[in-house]
$ cat entry-v3.cif   # mmCIF, C-alpha atoms
data_start
loop_
_atom_site.label_atom_id
_atom_site.label_comp_id
_atom_site.auth_asym_id
_atom_site.auth_seq_id
_atom_site.Cartn_x
_atom_site.Cartn_y
_atom_site.Cartn_z
CA MET R 1 -20.96 -3.96 -12.36
CA SER R 2 -21.19 -3.25 -16.03
CA GLU R 3 -18.31 -2.18 -18.16
CA ASN R 4 -20.35 0.38 -20.08
CA ALA R 5 -19.94 3.64 -18.28
CA GLU R 6 -23.14 3.38 -16.37
CA SER R 7 -23.09 6.54 -14.39
CA PRO R 8 -24.51 6.75 -10.93
CA THR R 9 -27.86 8.43 -11.09
CA GLU R 10 -28.51 11.70 -9.39
CA THR R 11 -30.68 11.62 -6.34
CA GLN R 12 -33.89 13.55 -6.27
CA LYS R 13 -34.13 16.86 -4.50
CA GLU R 14 -36.31 15.30 -1.85
CA GLU R 15 -34.48 14.65 1.38
CA GLN R 16 -35.14 11.30 2.90
CA GLN R 17 -35.30 8.09 0.91
CA PRO R 18 -37.42 5.37 2.51
CA PRO R 19 -35.13 3.02 4.43
CA LEU R 20 -34.35 -0.16 2.58
CA ASP R 21 -35.18 -3.39 4.33
CA ASP R 22 -35.86 -6.97 3.36
CA SER R 23 -39.51 -6.42 2.67
CA THR R 24 -38.84 -3.85 0.02
CA ALA R 25 -35.94 -5.67 -1.58
CA ASN R 26 -36.68 -6.67 -5.13
CA GLU R 27 -34.84 -7.72 -8.26
CA GLU R 28 -33.48 -4.23 -8.63
CA LYS R 29 -30.07 -3.57 -7.11
CA LYS R 30 -30.12 -1.48 -3.99
CA LYS R 31 -28.44 1.85 -4.24
CA ILE R 32 -26.67 3.74 -1.52
CA ASP R 33 -26.26 7.47 -1.11
CA VAL R 34 -22.78 8.79 -1.52
CA LEU R 35 -21.69 12.33 -0.77
CA LEU R 36 -18.54 13.43 -2.54
CA LYS R 37 -16.37 16.12 -1.04
CA ALA R 38 -13.35 17.67 -2.69
CA VAL R 39 -10.06 18.06 -0.85
CA GLY R 40 -7.43 20.72 -1.45
CA ASP R 41 -7.43 22.28 -4.88
CA THR R 42 -9.28 19.40 -6.47
CA PRO R 43 -12.22 20.63 -8.53
CA ILE R 44 -15.55 20.46 -6.78
CA MET R 45 -18.25 18.43 -8.44
CA LYS R 46 -21.42 20.37 -9.12
CA THR R 47 -23.47 17.37 -8.12
CA LYS R 48 -22.19 16.06 -4.84
CA LYS R 49 -24.82 13.57 -3.88
CA TRP R 50 -25.09 10.38 -5.89
CA ALA R 51 -27.05 7.15 -5.67
CA VAL R 52 -24.63 4.36 -6.39
CA ASP R 53 -25.17 0.63 -6.83
CA ARG R 54 -23.95 -1.28 -3.82
CA GLY R 55 -21.87 -3.55 -5.96
CA ARG R 56 -19.93 -0.78 -7.58
CA THR R 57 -16.25 -0.76 -6.75
CA VAL R 58 -14.18 2.13 -5.48
CA GLN R 59 -12.13 1.90 -8.67
CA SER R 60 -15.20 2.33 -10.80
CA LEU R 61 -16.34 5.30 -8.76
CA ALA R 62 -12.88 6.88 -8.94
CA GLN R 63 -12.88 6.46 -12.71
CA PHE R 64 -16.26 8.08 -12.90
CA ILE R 65 -15.14 11.07 -10.86
CA SER R 66 -11.93 11.40 -12.89
CA ARG R 67 -13.90 11.43 -16.13
CA PHE R 68 -16.44 13.82 -14.71
CA LEU R 69 -13.71 16.21 -13.63
CA LYS R 70 -11.77 15.64 -16.83
CA LEU R 71 -8.56 14.84 -15.05
CA ASP R 72 -5.36 14.18 -16.99
CA ASP R 73 -4.00 10.68 -17.36
CA GLY R 74 -1.11 11.54 -15.11
CA GLU R 75 -3.32 12.60 -12.25
CA GLN R 76 -4.26 10.01 -9.68
CA LEU R 77 -7.48 10.40 -7.79
CA PHE R 78 -7.42 9.39 -4.15
CA ILE R 79 -10.56 8.58 -2.26
CA TYR R 80 -10.72 8.67 1.53
CA VAL R 81 -13.26 7.27 3.95
CA ASN R 82 -13.70 9.02 7.28
CA GLN R 83 -10.78 11.14 6.12
CA SER R 84 -8.64 8.50 7.73
CA PHE R 85 -7.97 5.75 5.22
CA ALA R 86 -8.14 4.92 1.56
CA PRO R 87 -10.36 2.00 0.59
CA SER R 88 -8.94 -0.60 -1.75
CA PRO R 89 -9.98 -0.10 -5.40
CA ASP R 90 -11.70 -3.49 -5.36
CA GLN R 91 -13.80 -2.67 -2.34
CA GLU R 92 -17.53 -2.48 -2.92
CA VAL R 93 -19.15 0.79 -1.93
CA GLY R 94 -22.04 -1.11 -0.39
CA VAL R 95 -19.71 -2.62 2.20
CA LEU R 96 -18.18 0.78 2.91
CA PHE R 97 -21.66 2.15 3.38
CA ASP R 98 -22.53 -0.57 5.87
CA CYS R 99 -19.42 0.14 7.91
CA PHE R 100 -18.94 3.86 7.65
CA SER R 101 -22.16 5.59 6.69
CA SER R 102 -23.71 8.25 8.85
CA ASP R 103 -27.13 9.82 8.49
CA GLY R 104 -27.91 7.41 5.69
CA LYS R 105 -25.03 8.42 3.45
CA LEU R 106 -21.45 7.51 2.82
CA VAL R 107 -19.19 10.53 2.78
CA LEU R 108 -16.17 10.16 0.55
CA HIS R 109 -13.45 12.75 0.22
CA TYR R 110 -11.54 12.81 -3.03
CA CYS R 111 -8.25 14.43 -3.90
CA LYS R 112 -6.28 14.58 -7.11
CA SER R 113 -2.56 14.39 -6.91
CA GLN R 114 0.57 13.46 -8.75
CA ALA R 115 1.35 11.27 -5.88
CA TRP R 116 3.70 8.64 -7.12
CA GLY R 117 7.40 8.67 -7.75
CA MET S 1 19.77 4.83 3.98
CA ARG S 2 22.77 5.01 6.29
CA ARG S 3 22.85 2.82 9.35
CA SER S 4 23.02 5.82 11.62
CA SER S 5 19.78 7.09 10.25
CA ILE S 6 17.94 3.93 11.06
CA SER S 7 17.73 4.75 14.74
CA ALA S 8 14.63 6.77 13.97
CA VAL S 9 12.98 3.62 12.71
CA GLY S 10 12.63 2.16 16.15
CA SER S 11 10.81 5.16 17.51
CA PHE S 12 8.61 5.41 14.46
CA PHE S 13 7.48 1.81 14.52
CA ASN S 14 7.17 1.67 18.25
CA SER S 15 4.54 4.30 18.15
CA GLN S 16 1.05 3.20 18.78
CA SER S 17 0.17 3.46 15.13
CA SER S 18 2.10 0.45 13.98
CA SER S 19 1.91 -1.58 17.16
CA GLU S 20 -1.79 -1.85 16.63
CA MET S 21 -1.19 -3.68 13.42
CA ALA S 22 1.85 -5.67 14.31
CA GLY S 23 2.25 -8.37 16.85
CA ALA S 24 5.48 -10.02 17.78
CA GLY S 25 4.99 -13.22 15.91
CA LYS S 26 1.30 -13.54 16.59
CA GLN S 27 -0.32 -15.47 13.80
CA SER S 28 -3.41 -13.34 13.90
CA SER S 29 -1.55 -10.13 13.27
CA PHE S 30 -1.70 -8.49 9.93
CA LEU S 31 1.94 -7.54 9.98
CA PHE S 32 4.88 -8.97 11.83
CA TRP S 33 7.36 -6.82 13.64
CA LEU S 34 10.94 -7.91 13.30
CA GLN S 35 13.56 -6.24 15.33
CA GLY S 36 17.29 -6.43 15.63
CA SER S 37 18.94 -4.06 18.04
CA LYS S 38 17.49 -0.62 17.37
CA GLU S 39 16.58 -1.38 13.82
CA GLY S 40 13.43 -2.98 12.75
CA TYR S 41 10.79 -3.21 10.16
CA LEU S 42 7.34 -4.57 9.64
CA ARG S 43 7.02 -7.61 7.47
CA LYS S 44 4.30 -9.63 5.86
CA THR S 45 4.31 -12.54 3.46
CA ALA S 46 1.24 -13.41 1.53
CA LEU S 47 0.06 -15.37 -1.42
CA ARG S 48 -1.47 -13.16 -3.98
CA SER S 49 -3.70 -14.12 -6.82
CA VAL S 50 -3.14 -12.02 -9.92
CA PRO S 51 -5.59 -12.27 -12.83
CA THR S 52 -3.88 -13.46 -15.96
CA ASP S 53 -5.43 -10.78 -18.07
CA TRP S 54 -3.41 -8.19 -16.19
CA ILE S 55 -0.25 -9.85 -17.30
CA THR S 56 1.20 -9.27 -20.72
CA THR S 57 2.09 -12.81 -21.45
CA GLN S 58 5.63 -13.39 -22.52
CA LYS S 59 5.91 -15.59 -25.52
CA HIS S 60 9.51 -16.50 -25.03
CA GLU S 61 10.80 -19.13 -22.69
CA GLY S 62 12.00 -18.23 -19.30
CA SER S 63 9.22 -15.96 -18.26
CA VAL S 64 8.35 -16.74 -14.71
CA LEU S 65 4.79 -15.78 -15.35
CA GLU S 66 3.95 -18.87 -17.34
CA CYS S 67 1.22 -20.27 -15.26
CA HIS S 68 1.70 -23.78 -14.08
CA CYS S 69 -0.80 -23.98 -11.34
CA SER S 70 -3.65 -22.13 -9.93
CA LEU S 71 -4.70 -22.93 -6.44
CA LYS S 72 -6.65 -20.80 -4.03
CA SER S 73 -4.40 -19.68 -1.24
CA GLN S 74 -5.03 -21.65 1.89
CA GLY S 75 -3.54 -19.22 4.29
CA GLU S 76 -0.98 -16.51 4.41
CA ASP S 77 2.01 -18.41 5.64
CA LYS S 78 1.59 -21.68 3.87
CA LEU S 79 3.24 -22.45 0.61
CA VAL S 80 0.90 -24.06 -1.82
CA ALA S 81 2.17 -27.29 -3.28
CA SER S 82 2.93 -27.02 -6.95
CA VAL S 83 1.09 -29.18 -9.37
CA ASP S 84 2.71 -31.22 -12.06
CA PRO S 85 2.35 -28.98 -15.13
CA ASP S 86 1.81 -31.78 -17.56
CA PHE S 87 -1.00 -33.16 -15.55
CA LEU S 88 -2.65 -29.79 -15.35
CA ARG S 89 -2.34 -29.01 -19.03
CA GLY S 90 -4.21 -32.15 -19.91
CA ASP S 91 -7.33 -30.90 -18.27
CA ILE S 92 -7.42 -27.48 -19.75
CA GLU S 93 -8.21 -26.18 -23.17
CA ASP S 94 -5.22 -25.20 -25.16
CA GLU S 95 -4.54 -21.57 -25.72
CA ASP S 96 -1.87 -20.28 -28.04
CA ASP S 97 1.36 -22.13 -28.41
CA GLY S 98 4.00 -21.38 -25.89
CA ILE S 99 1.69 -19.51 -23.61
CA CYS S 100 0.57 -20.97 -20.38
CA THR S 101 -2.78 -22.56 -20.46
CA VAL S 102 -5.49 -20.75 -18.64
CA CYS S 103 -5.84 -21.85 -15.07
CA GLU S 104 -9.02 -22.21 -13.17
CA GLY S 105 -10.19 -18.74 -12.18
CA ASN S 106 -7.84 -17.23 -14.75
CA SER S 107 -5.31 -16.18 -12.20
CA LEU S 108 -1.76 -16.75 -11.12
CA VAL S 109 -0.68 -17.29 -7.58
CA LEU S 110 2.43 -15.44 -6.56
CA GLN S 111 4.20 -15.20 -3.26
CA TYR S 112 4.80 -11.69 -2.02
CA GLU S 113 6.94 -10.47 0.81
CA TYR S 114 6.27 -6.92 2.00
CA HIS S 115 8.51 -4.92 4.28
CA ILE S 116 7.74 -1.55 5.76
CA LEU S 117 10.83 0.45 6.49
CA TYR S 118 11.30 4.03 7.47
CA SER S 119 13.18 6.50 5.35
CA CYS S 120 14.80 9.27 7.33
CA SER S 121 15.52 11.30 4.23
CA TYR S 122 11.84 11.41 3.37
CA SER S 123 10.58 11.13 6.94
CA ALA S 124 8.14 8.59 5.72
CA PRO S 125 7.57 4.86 5.68
CA VAL S 126 8.53 3.04 2.52
CA LEU S 127 7.02 -0.15 1.16
CA TYR S 128 9.66 -2.61 0.03
CA PHE S 129 8.60 -5.86 -1.55
CA ARG S 130 9.69 -8.83 -3.56
CA ALA S 131 7.69 -11.38 -5.42
CA PHE S 132 8.20 -14.98 -6.47
CA THR S 133 6.33 -17.62 -8.32
CA LEU S 134 5.43 -20.61 -6.22
CA GLY S 135 8.40 -22.31 -7.77
CA GLY S 136 10.65 -19.75 -6.11
CA LYS S 137 11.74 -17.73 -9.12
CA SER S 138 11.88 -13.97 -8.67
CA LEU S 139 9.79 -11.67 -10.75
CA THR S 140 11.58 -9.19 -12.95
CA LEU S 141 10.79 -5.51 -12.84
CA GLU S 142 8.69 -5.84 -15.96
CA GLU S 143 6.69 -8.66 -14.46
CA VAL S 144 6.24 -6.66 -11.27
CA TRP S 145 4.79 -3.82 -13.30
CA SER S 146 2.33 -6.25 -14.84
CA SER S 147 1.11 -7.20 -11.42
CA VAL S 148 0.49 -3.65 -10.24
CA HIS S 149 -3.24 -3.09 -9.77
CA PRO S 150 -4.63 -1.63 -13.01
CA HIS S 151 -6.21 1.26 -11.12
CA PHE S 152 -2.75 2.63 -10.38
CA ARG S 153 -0.64 1.32 -13.21
CA LEU S 154 -1.17 4.10 -15.70
CA HIS S 155 -0.47 6.82 -13.17
CA LEU S 156 2.61 5.14 -11.79
CA GLN S 157 4.01 4.66 -15.23
CA ASN S 158 3.48 8.31 -16.04
CA CYS S 159 5.74 9.44 -13.24
CA PRO S 160 8.88 11.31 -14.09
CA LEU S 161 10.80 9.21 -11.62
CA ASN S 162 10.39 5.51 -11.74
CA ALA S 163 7.78 4.86 -9.10
CA ILE S 164 8.91 1.27 -8.65
CA THR S 165 12.59 0.55 -8.65
CA GLN S 166 14.89 -2.15 -7.47
CA GLN S 167 17.03 -1.35 -4.50
CA GLU S 168 19.16 -3.07 -1.95
CA HIS S 169 17.23 -3.64 1.26
CA PRO S 170 18.86 -1.30 3.78
CA LEU S 171 18.92 -3.88 6.54
CA LEU S 172 19.07 -7.21 4.74
CA GLY S 173 21.21 -6.18 1.83
CA GLN S 174 19.12 -8.21 -0.56
CA PRO S 175 17.51 -6.98 -3.75
CA PHE S 176 14.00 -5.73 -3.22
CA PHE S 177 11.63 -3.53 -5.11
CA PHE S 178 10.19 -0.48 -3.48
CA LEU S 179 7.55 2.14 -4.06
CA HIS S 180 9.21 5.50 -4.18
CA PRO S 181 8.22 7.61 -1.17
CA CYS S 182 8.94 11.13 -2.29
CA ARG S 183 5.28 12.11 -2.61
CA THR S 184 4.03 10.37 0.48
CA GLU S 185 3.39 13.70 2.12
CA GLU S 186 0.99 14.65 -0.65
CA PHE S 187 -1.45 11.84 -0.20
CA MET S 188 -1.09 11.75 3.57
CA ARG S 189 -1.75 15.45 3.96
CA PRO S 190 -5.58 15.34 3.63
CA MET S 191 -5.85 12.70 6.30
CA LEU S 192 -3.46 14.38 8.70
CA GLN S 193 -5.05 17.78 8.28
CA ALA S 194 -8.51 16.41 8.88
CA ALA S 195 -7.36 14.62 12.00
CA GLN S 196 -5.78 17.78 13.30
CA GLU S 197 -8.90 19.84 12.61
CA GLN S 198 -11.11 17.29 14.25
CA CYS S 199 -8.72 16.75 17.15
CA ARG S 200 -8.60 13.00 16.76
CA PRO S 201 -5.66 10.66 16.55
CA VAL S 202 -4.64 9.13 13.25
CA ASN S 203 -2.96 5.80 12.79
CA TYR S 204 -0.25 6.91 10.40
CA VAL S 205 0.98 3.49 9.35
CA LEU S 206 -2.55 2.23 8.79
CA SER S 207 -3.59 5.24 6.77
CA TRP S 208 -0.40 5.17 4.75
CA LEU S 209 -0.61 1.46 4.08
CA SER S 210 -4.23 1.74 2.99
CA VAL S 211 -3.04 3.97 0.15
CA VAL S 212 0.10 2.21 -1.00
CA GLY S 213 -0.71 -1.40 -0.14
CA PRO S 214 -3.43 -1.95 -2.75
CA VAL S 215 -1.02 -0.89 -5.49
CA LEU S 216 0.80 -4.15 -4.85
CA GLY S 217 -2.08 -6.34 -3.83
CA LEU S 218 -1.81 -5.72 -0.11
CA ASP S 219 -5.30 -4.71 0.90
CA VAL S 220 -5.75 -3.63 4.48
CA PRO S 221 -8.81 -5.29 6.02
CA LEU S 222 -11.57 -2.86 6.83
CA LYS S 223 -11.73 -4.01 10.41
CA TYR S 224 -8.61 -2.01 11.18
CA SER S 225 -10.45 1.14 10.23
CA THR S 226 -13.67 0.35 12.00
CA GLN S 227 -11.99 -0.05 15.36
CA LEU S 228 -12.31 3.05 17.41
CA LEU S 229 -9.06 4.46 18.65
CA PRO S 230 -8.74 5.33 22.35
CA GLU S 231 -9.96 8.80 23.24
CA ALA S 232 -6.95 10.41 24.82
CA SER S 233 -3.99 8.88 23.11
CA PRO S 234 -0.75 10.34 24.44
CA SER S 235 1.56 9.17 21.68
CA THR S 236 2.10 11.25 18.63
CA MET S 237 1.17 9.53 15.43
CA GLU S 238 3.33 11.45 13.05
CA PRO S 239 6.80 10.20 12.24
CA ASN S 240 9.61 12.21 13.80
#
$ encode --input "entry-v3.cif" --output "structure tokens"
Amino acid sequence: MSENAESPTETQKEEQQPPLDDSTANEEKKKIDVLLKAVGDTPIMKTKKWAVDRGRTVQSLAQFISRFLKLDDGEQLFIYVNQSFAPSPDQEVGVLFDCFSSDGKLVLHYCKSQAWG
Amino acid sequence: MRRSSISAVGSFFNSQSSSEMAGAGKQSSFLFWLQGSKEGYLRKTALRSVPTDWITTQKHEGSVLECHCSLKSQGEDKLVASVDPDFLRGDIEDEDDGICTVCEGNSLVLQYEYHILYSCSYSAPVLYFRAFTLGGKSLTLEEVWSSVHPHFRLHLQNCPLNAITQQEHPLLGQPFFFLHPCRTEEFMRPMLQAAQEQCRPVNYVLSWLSVVGPVLGLDVPLKYSTQLLPEASPSTMEPN
């Protein structure tokens, strides 16, 4: 995962990506489809569907969303999987995809909050 | 937290939510349930590896975060034997004077003890913790701040109240640090609302811990979230 703000690329308009299997694996990193949904009064991202490198961490994704939404420093972004738990910031999205994806995409809910203290 | 208010703790932690994660002394359990009379709390000790570049190195003597050894943790409940510092320094390139030499993997191993108690005033669980070096010396508040996961550190430090403060443990009477619970309801709300809308049970302690644990290096294994909960669960998951 690079330190330069390498943004996740937008997916094409076309619906179904060909399923990735061993025979198509190449030097290029596999990407997974992530669908971002806003919770509460958190701003909604215009682009909701993103193709994200498997190795990208939750922290990196959260930082990307925070920058994209131009959140203040004091605002913490929370990300939820299955709307039932928060993945650790060091967790790789590829692993989350393997465990919790449905219909070929990982749905993540995000919520901004001043949630500490 | 008055003693009389702790009676709610028993009912809270006896709910299905926390019993799934705790076992009475079972080694394989993630958390251990300790109980005395009606009071109780969940406890876990763990070795935690903290990267040295998170830590603002203290140049003066007496900082417990001078690294003297770096060993991969063998298991949660074992103490790692300390290494003779002089022997270790000989193998490693010198850094600046007075600062610990960089250990293999550039990380420090600290021993953490986490307690989950229940606050009746906030109607929420609270994460208490304390941390030591392997030599047994307690971390100061400043050093604890340095070991907060960088993802959260900035936000915690921007809080009007101190998010991490030192407090007497309500049951043990010993100094602990804790993560202030007053906004627990805010980050729990999305999960609880979704569960209600979808008519499915939620494991409150698990969901709560998944948010606060990583702040202090306590990551909840994914397997707890991949397990399907029973269909018709009679117990309520929300704290009373």
$ resolve_selection --input "entry-v3.cif" --expression "the PyMOL selection byres ((chain R) within 10 of (chain S))" --output "VMD selection string"
chain R and resid 39 to 40 58 to 60 62 to 63 72 to 91 95 to 96 99 to 100 109 to 117
$ resolve_selection --input "entry-v3.cif" --expression "the PyMOL selection byres ((chain S and resi 45) around 8)" --output "ChimeraX atom specification"
/S:43-44,46-47,76-77,111-114
$ resolve_selection --input "entry-v3.cif" --expression "the PyMOL selection byres ((chain S and resi 127) around 6)" --output "PyMOL selection string"
chain S and resi 115-116+126+128+178-179
$ atom_distance --input "entry-v3.cif" --atom1 "atom CA of Leu117 of chain S" --atom2 "atom CA of Leu108 of chain R"
29.3 Å
$ atom_distance --input "entry-v3.cif" --atom1 "atom CA of Pro175 of chain S" --atom2 "atom CA of Arg130 of chain S"
8.0 Å
$ atom_distance --input "entry-v3.cif" --atom1 "atom CA of Glu197 of chain S" --atom2 "atom CA of Lys49 of chain R"
23.8 Å
$ closest_residue --input "entry-v3.cif" --among "S:Ser119, S:Ala131, S:Ser49, S:Leu141" --to "Asn106 of chain S" --atoms "all atoms listed in the file"
S:Ser49
$ closest_residue --input "entry-v3.cif" --among "R:Val107, R:Thr57, R:Asp98, R:Glu92" --to "Ala38 of chain R" --atoms "all atoms listed in the file"
R:Val107
$ residues_around --input "entry-v3.cif" --residues "Met45 of chain R" --least-positions-apart "4" --cutoff "9 Å" --atoms "all atoms listed in the file" --output "JSON, numbers by chain"
{"R": [36, 37, 38, 65, 68, 69]}
$ decode --input "entry-v3.cif" --residues "segment 120-197 of chain S" --atoms "C-alpha atoms" --output "mmCIF file, in the first residue's frame"
data_model
loop_
_atom_site.group_PDB
_atom_site.id
_atom_site.type_symbol
_atom_site.label_atom_id
_atom_site.label_comp_id
_atom_site.auth_asym_id
_atom_site.auth_seq_id
_atom_site.Cartn_x
_atom_site.Cartn_y
_atom_site.Cartn_z
ATOM 1 C CA CYS S 120 -24.511 2.619 35.129
ATOM 2 C CA SER S 121 -24.320 6.363 34.741
ATOM 3 C CA TYR S 122 -23.671 6.014 31.033
ATOM 4 C CA SER S 123 -25.508 2.720 30.610
ATOM 5 C CA ALA S 124 -22.600 1.534 28.603
ATOM 6 C CA PRO S 125 -19.570 -0.689 28.875
ATOM 7 C CA VAL S 126 -16.276 1.014 29.565
ATOM 8 C CA LEU S 127 -12.828 -0.156 28.561
ATOM 9 C CA TYR S 128 -10.347 0.110 31.401
ATOM 10 C CA PHE S 129 -6.738 -0.793 30.793
ATOM 11 C CA ARG S 130 -3.234 -0.586 32.090
ATOM 12 C CA ALA S 131 0.040 -1.159 30.375
ATOM 13 C CA PHE S 132 3.511 -2.210 31.456
ATOM 14 C CA THR S 133 6.838 -2.802 29.887
ATOM 15 C CA LEU S 134 8.021 -6.364 30.112
ATOM 16 C CA GLY S 135 10.129 -5.250 33.010
ATOM 17 C CA GLY S 136 6.958 -4.443 34.918
ATOM 18 C CA LYS S 137 7.086 -0.665 34.910
ATOM 19 C CA SER S 138 3.805 1.142 34.303
ATOM 20 C CA LEU S 139 3.344 3.427 31.387
ATOM 21 C CA THR S 140 2.574 7.042 32.102
ATOM 22 C CA LEU S 141 -0.383 8.788 30.554
ATOM 23 C CA GLU S 142 1.877 10.414 27.997
ATOM 24 C CA GLU S 143 3.345 7.084 27.012
ATOM 25 C CA VAL S 144 -0.130 5.601 26.774
ATOM 26 C CA TRP S 145 -1.089 8.342 24.358
ATOM 27 C CA SER S 146 1.912 7.454 22.244
ATOM 28 C CA SER S 147 0.699 3.917 21.975
ATOM 29 C CA VAL S 148 -2.802 4.805 20.826
ATOM 30 C CA HIS S 149 -3.305 3.669 17.239
ATOM 31 C CA PRO S 150 -2.446 6.585 14.937
ATOM 32 C CA HIS S 151 -5.791 6.282 13.171
ATOM 33 C CA PHE S 152 -7.537 7.490 16.315
ATOM 34 C CA ARG S 153 -4.923 9.561 18.052
ATOM 35 C CA LEU S 154 -5.615 12.898 16.432
ATOM 36 C CA HIS S 155 -9.345 12.666 17.005
ATOM 37 C CA LEU S 156 -9.020 11.552 20.595
ATOM 38 C CA GLN S 157 -6.652 14.360 21.352
ATOM 39 C CA ASN S 158 -9.052 16.874 19.869
ATOM 40 C CA CYS S 159 -11.769 15.998 22.332
ATOM 41 C CA PRO S 160 -12.943 18.628 24.744
ATOM 42 C CA LEU S 161 -12.866 16.095 27.535
ATOM 43 C CA ASN S 162 -9.809 13.995 27.940
ATOM 44 C CA ALA S 163 -10.717 10.824 26.124
ATOM 45 C CA ILE S 164 -8.189 8.789 28.086
ATOM 46 C CA THR S 165 -7.840 9.465 31.767
ATOM 47 C CA GLN S 166 -6.527 7.709 34.792
ATOM 48 C CA GLN S 167 -9.075 6.482 37.248
ATOM 49 C CA GLU S 168 -9.363 4.166 40.172
ATOM 50 C CA HIS S 169 -10.721 0.793 39.094
ATOM 51 C CA PRO S 170 -14.189 0.627 40.638
ATOM 52 C CA LEU S 171 -13.794 -2.940 41.823
ATOM 53 C CA LEU S 172 -10.070 -3.365 42.343
ATOM 54 C CA GLY S 173 -9.274 0.094 43.577
ATOM 55 C CA GLN S 174 -6.092 0.198 41.549
ATOM 56 C CA PRO S 175 -5.060 2.887 39.102
ATOM 57 C CA PHE S 176 -6.166 2.156 35.588
ATOM 58 C CA PHE S 177 -6.644 4.160 32.459
ATOM 59 C CA PHE S 178 -9.972 4.181 30.727
ATOM 60 C CA LEU S 179 -11.561 5.326 27.514
ATOM 61 C CA HIS S 180 -14.270 7.787 28.330
ATOM 62 C CA PRO S 181 -17.696 6.350 27.516
ATOM 63 C CA CYS S 182 -19.881 9.398 27.201
ATOM 64 C CA ARG S 183 -20.242 9.124 23.429
ATOM 65 C CA THR S 184 -20.635 5.385 23.234
ATOM 66 C CA GLU S 185 -24.239 5.795 22.219
ATOM 67 C CA GLU S 186 -23.184 7.777 19.157
ATOM 68 C CA PHE S 187 -21.069 5.138 17.546
ATOM 69 C CA MET S 188 -23.282 2.275 18.657
ATOM 70 C CA ARG S 189 -26.427 3.848 17.283
ATOM 71 C CA PRO S 190 -25.908 2.925 13.590
ATOM 72 C CA MET S 191 -25.392 -0.707 14.454
ATOM 73 C CA LEU S 192 -28.314 -0.924 16.837
ATOM 74 C CA GLN S 193 -30.684 0.844 14.482
ATOM 75 C CA ALA S 194 -29.736 -1.396 11.606
ATOM 76 C CA ALA S 195 -30.244 -4.487 13.721
ATOM 77 C CA GLN S 196 -33.641 -3.263 14.786
ATOM 78 C CA GLU S 197 -34.687 -2.482 11.219
#
